[in-house]
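A.B. asks: Have a look at the structure that comes next, please.
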Amino acid sequence: MGKVIRSDLFRLFKMKSFYIVFVLVALLNLAVGPLTKLMYNLGRMLAGSDEKALAELGSFMKEIKFFNVLNGPLGRVDTVIILLLVIWFAYADLAHGYIKNIAGQLSKKGNIVVSKLAVSGMIITIMMIAATVFQTVGYMLIVKVDFTSDLADAAILFCVRWLCLLAVCSVLLLVVVGAHSQTGGAVVSVVMGAGFLSLAYLGINTGINKLFKLDGFDIGEYMPDSVFHSALTLKDSNSIDTELVLKGVITAAAIILVINPLTIRIFNKKDVT
Amino acid sequence: MEYILETHDLTKTYKKKDACRDINISMREGEIYGLIGRNGAGKTTIMRMISGLSAPTKGSYSLFGKEGAAMRKMMNKVGVLIEHPGLYPKFSAKDNLRIKCIAMGIDYKKNNYLDGLLKLVGLENVSDKKGAGEFSLGMRQRLGIALALIGDPSLIILDEPINGLDPQGIVEVRHTLERLRNEKGMTIMISSHILDELGKIADSYGIIHEGRLLDQFTAAELGRRCGQYVSIRTNDNSLAVSTLRKIGITQTDIDDNGLIRVNEQLDNTPAMARAIIGAKIELHEIFVKNVSLEDYYLNVTGGEHNG
């Protein structure tokens with residue numbers, strides 16, 4: 001298993017697209033802070049001497065807590081790009097037929113699927129760290145970043161989002177490796193990565209709330225793509241919403257534990273072409 | 001262990017249609033086994049099953065005397081090149097090799113391992129900056145063979161490995177395969193349309209036709225079954241046969257094309273010609289025929305082939 005993962009990692013770090021995506025994620029996140037400031041300044045300029053508008057705009061933040069940077073390190077565009085990279089990587093050996101050189105010689109063919117999930121985990125780890133670092137640097141260019149906030153909570157936020165994104169990756173691998181559909185994978189990555197499923201969740205919520213006479217049930221609180229993009233803090237923005245985090249973690253873990261063995265099963269049954 | 005590979009009623013069915021059925025192949029250690037058959041005969045399907053890339057619908061096979069899970073553990077001793085070589089087009093030849101080396105746990109940094117592999121297939125002068133996608137078909141085939149050789153496998157399965165190679169390349173691959181068999185004791189299963197080339201290296205053959213293994217024989221058996229014979233065309237075959245009997249030639253047949261086939265006294269064609277002409281029979285042609293693998297293949301399958 002370790003050998004296959006090492007081989008896949010070698011391949012990942014040889015892919016130009018990996019570095020292109022890294023640079024894109026870095027630039028997009030570096031720009032977050034300065035763009036926020038730019039938008040604020042534009043708002044002030046447009047407000048002119050309108051005191052009401054100026055009051056609404058308020059004053060620009062003087063500092064930002066590192067905890068809050070971590071509460072939203074990846075934008076929707078970044079997420080889609082990263083998920084597309086996962087698809088390119090996972091589908092490349094199938095598309096080029098390289099898999100024929102290896103699959104038959106492994107004692108467990110399913111190791112290929114596990115390896116792809118492991119490397120997907122590595123991709124999102126690197127990209128999320130890059131996003132956090134560059135977003136922090138971007139903020140440091142315009143305001144003071146307070147690193148004294150609770151780093152344990154910050155780490156939890158990072159891990160929860162990572163797990164949610166890994167769950168999305170396991171769904172992608174089911175489509176790409178299990179069903180051999182790169183196009184299907186691309187569609188899923190755009191829909192889940194950009195959060196388009198939230199529209200479907202609204203409809204599902206209405207249906208479930210009506211059917212079970214519930215009030216305020218939100219399926220989005222359980223779905224990894226939705227949890228990934230949500231603010232996971234309480235209203236004060238300074239502490240984690242434990243309930244929301246737990247729901248996200250349990251569902252993401254469940255999705256990984258169910259879907260990954262299913263992908264392995266389908267992959268084992270299919271002929272390698 | 002008498003056989004390194006044995007298949008037992010190996011069958012693969014796609015959408016209720018048998019791609020091959022009841023295949024029973026036996027391969028001895030150290031031999032080169034040639035799999036012959038036209039396009040779509042089922043050669044690749046058989047090779048894919050033996051390579052572990054496709055599961056049989058029915059039947060089983062053993063490798064190195066083992067079956068099931070024990071056999072799966074030994075699959076790292078099998079190298080394969082099935083259909084066209086699977087390569088990452090943007091990666092260099094060495095990077096393509098490195099990826100498999102790492103997956104198989106081979107220390108490629110030792111003893112210029114990759115250089116040795118590339119030299120073996122004649123790609124030692126290829127630039128490391130050139131992606132495999134820029135290679136010619138022949139170069140890709142060679143790199144595919146190099147990939148199959150990673151880890152010094154005991155058995156290599158090569159599906160049409162000389163496809164796209166120029167005559168020089170074909171000779172080089174033949175020499176490489178002979179060297180692998182003679183020096184490293186590798187067992188090789190190879191399929192090819194170029195039957196003359198296969199005839200030069202294979203020790204055993206299997207003829208696949210419409211998904212069935214029609215015949216399986218060694219090179220020595222092929223020689224005994226076919227070998228040489230005298231082919232005679234006349235206007236009166238029955239009179240010619242009885243005339244030949246008078247000069248002591250009794251091992252004669254009339255083949256499907258209406259030619260007399262004489263299986264003895266092959267160096268005595270002048271006497272045969274004199275006897276036939278002396279009996280006032282029109283002799284249209286008489287010559288010693290060498291039966292090639294291709295002739296034998298056509299005879300067994302009863303038709304043309306597209307190789």
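Labeling convention for the structure tokens: chains A, B, ... as they appear, residues from 1 per chain, ligands from 1 in order of appearance.
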Find the residues in chain A near chain B: any atom within 12 Å counts, using only C-alpha atoms. Write them as a PyMOL selection string.
C.D. replies: chain A and resi 1-17+89+91-109+111-112+115+267-273
A.B. asks: As a ChimeraX atom specification, please: all residues of segment 51-177 of chain B that backbone DSSP puts in strand (DSSP E).
C.D. replies: /B:58-63,78-81,155-159
A.B. asks: Find the residues near Ala202 of chain B: any atom within 8 Å, counting only C-alpha atoms, skip ones fewer than 5 places away on the same chain, and give them as a ChimeraX atom specification.
C.D. replies: /B:31-34,219
A.B. asks: With only C-alpha atoms as the atoms that count, which of B:Ile190, B:Ile25, B:Asp267, B:Val262 lies nearest to Thr250 of chain B?
C.D. replies: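 That would be B:Val262, the residue with the smallest distance to Thr250 of chain B.
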A.B. asks: Set the distance at 9 Å and use only C-alpha atoms: which residues neighbour Leu70 of chain A once local chain neighbours fewer than 3 positions away are removed? I'd like the list as a list in words.
C.D. replies: Lys65, Phe66, Phe67, Pro73, Leu74, Thr132, Thr136, Ala154, Ala155, Leu157 and Phe158 of chain A
A.B. asks: Residues of the last selection are to be written out with N, CA and C atoms, as a compact mmCIF listing (two decimals), in the first residue's frame.
C.D. replies:
# COMPACT_ATOMS: atom_id res chain seq x y z
N LYS A 65 -8.28 38.18 13.64
CA LYS A 65 -7.76 37.04 14.39
C LYS A 65 -7.45 35.90 13.43
N PHE A 66 -6.35 35.21 13.68
CA PHE A 66 -5.94 34.08 12.85
C PHE A 66 -7.06 33.02 12.79
N PHE A 67 -7.77 32.90 13.93
CA PHE A 67 -8.90 31.97 14.03
C PHE A 67 -9.94 32.29 12.95
N PRO A 73 -10.83 29.58 4.79
CA PRO A 73 -9.60 29.75 4.02
C PRO A 73 -9.75 29.46 2.53
N LEU A 74 -10.78 28.77 2.11
CA LEU A 74 -10.90 28.44 0.69
C LEU A 74 -12.19 29.00 0.09
N THR A 132 -4.28 29.06 3.66
CA THR A 132 -4.22 29.70 4.98
C THR A 132 -3.02 30.64 5.08
N THR A 136 -3.26 34.65 5.15
CA THR A 136 -2.73 35.34 6.34
C THR A 136 -1.73 36.42 5.91
N ALA A 154 -8.54 26.76 16.16
CA ALA A 154 -8.17 26.99 14.77
C ALA A 154 -7.83 25.66 14.09
N ALA A 155 -7.10 24.82 14.82
CA ALA A 155 -6.72 23.51 14.27
C ALA A 155 -7.95 22.65 14.02
N LEU A 157 -10.97 23.72 13.34
CA LEU A 157 -11.64 24.24 12.14
C LEU A 157 -10.98 23.71 10.87
N PHE A 158 -9.64 23.76 10.88
CA PHE A 158 -8.88 23.29 9.72
C PHE A 158 -9.19 21.81 9.46
A.B. asks: Nearest residue to Glu172 of chain B out of B:Leu155, B:Val126, B:Leu120, B:Leu195, using only C-alpha atoms?
C.D. replies: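 Comparing B:Leu155, B:Val126, B:Leu120, B:Leu195 against Glu172 of chain B, the winner is B:Leu120.
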A.B. asks: What are the closest atom pairs, with distances in Å to one decimal, for each residue of segment 66-142 of chain A lying within 7 Å of segment 33-47 of chain A, using only C-alpha atoms, rows by chain and rising residue number, as CSV?
C.D. replies:
residue,atom,partner,partner_atom,distance
A:Gln135,CA,A:Gly33,CA,6.8
A:Gly138,CA,A:Gly33,CA,5.1
A:Tyr139,CA,A:Gly33,CA,4.5
A:Ile142,CA,A:Pro34,CA,6.5
A.B. asks: Grab the atom CA of Gly248 of chain A to atom CA of Leu163 of chain A distance for me, in Å with one decimal place.
C.D. replies: 8.6 Å
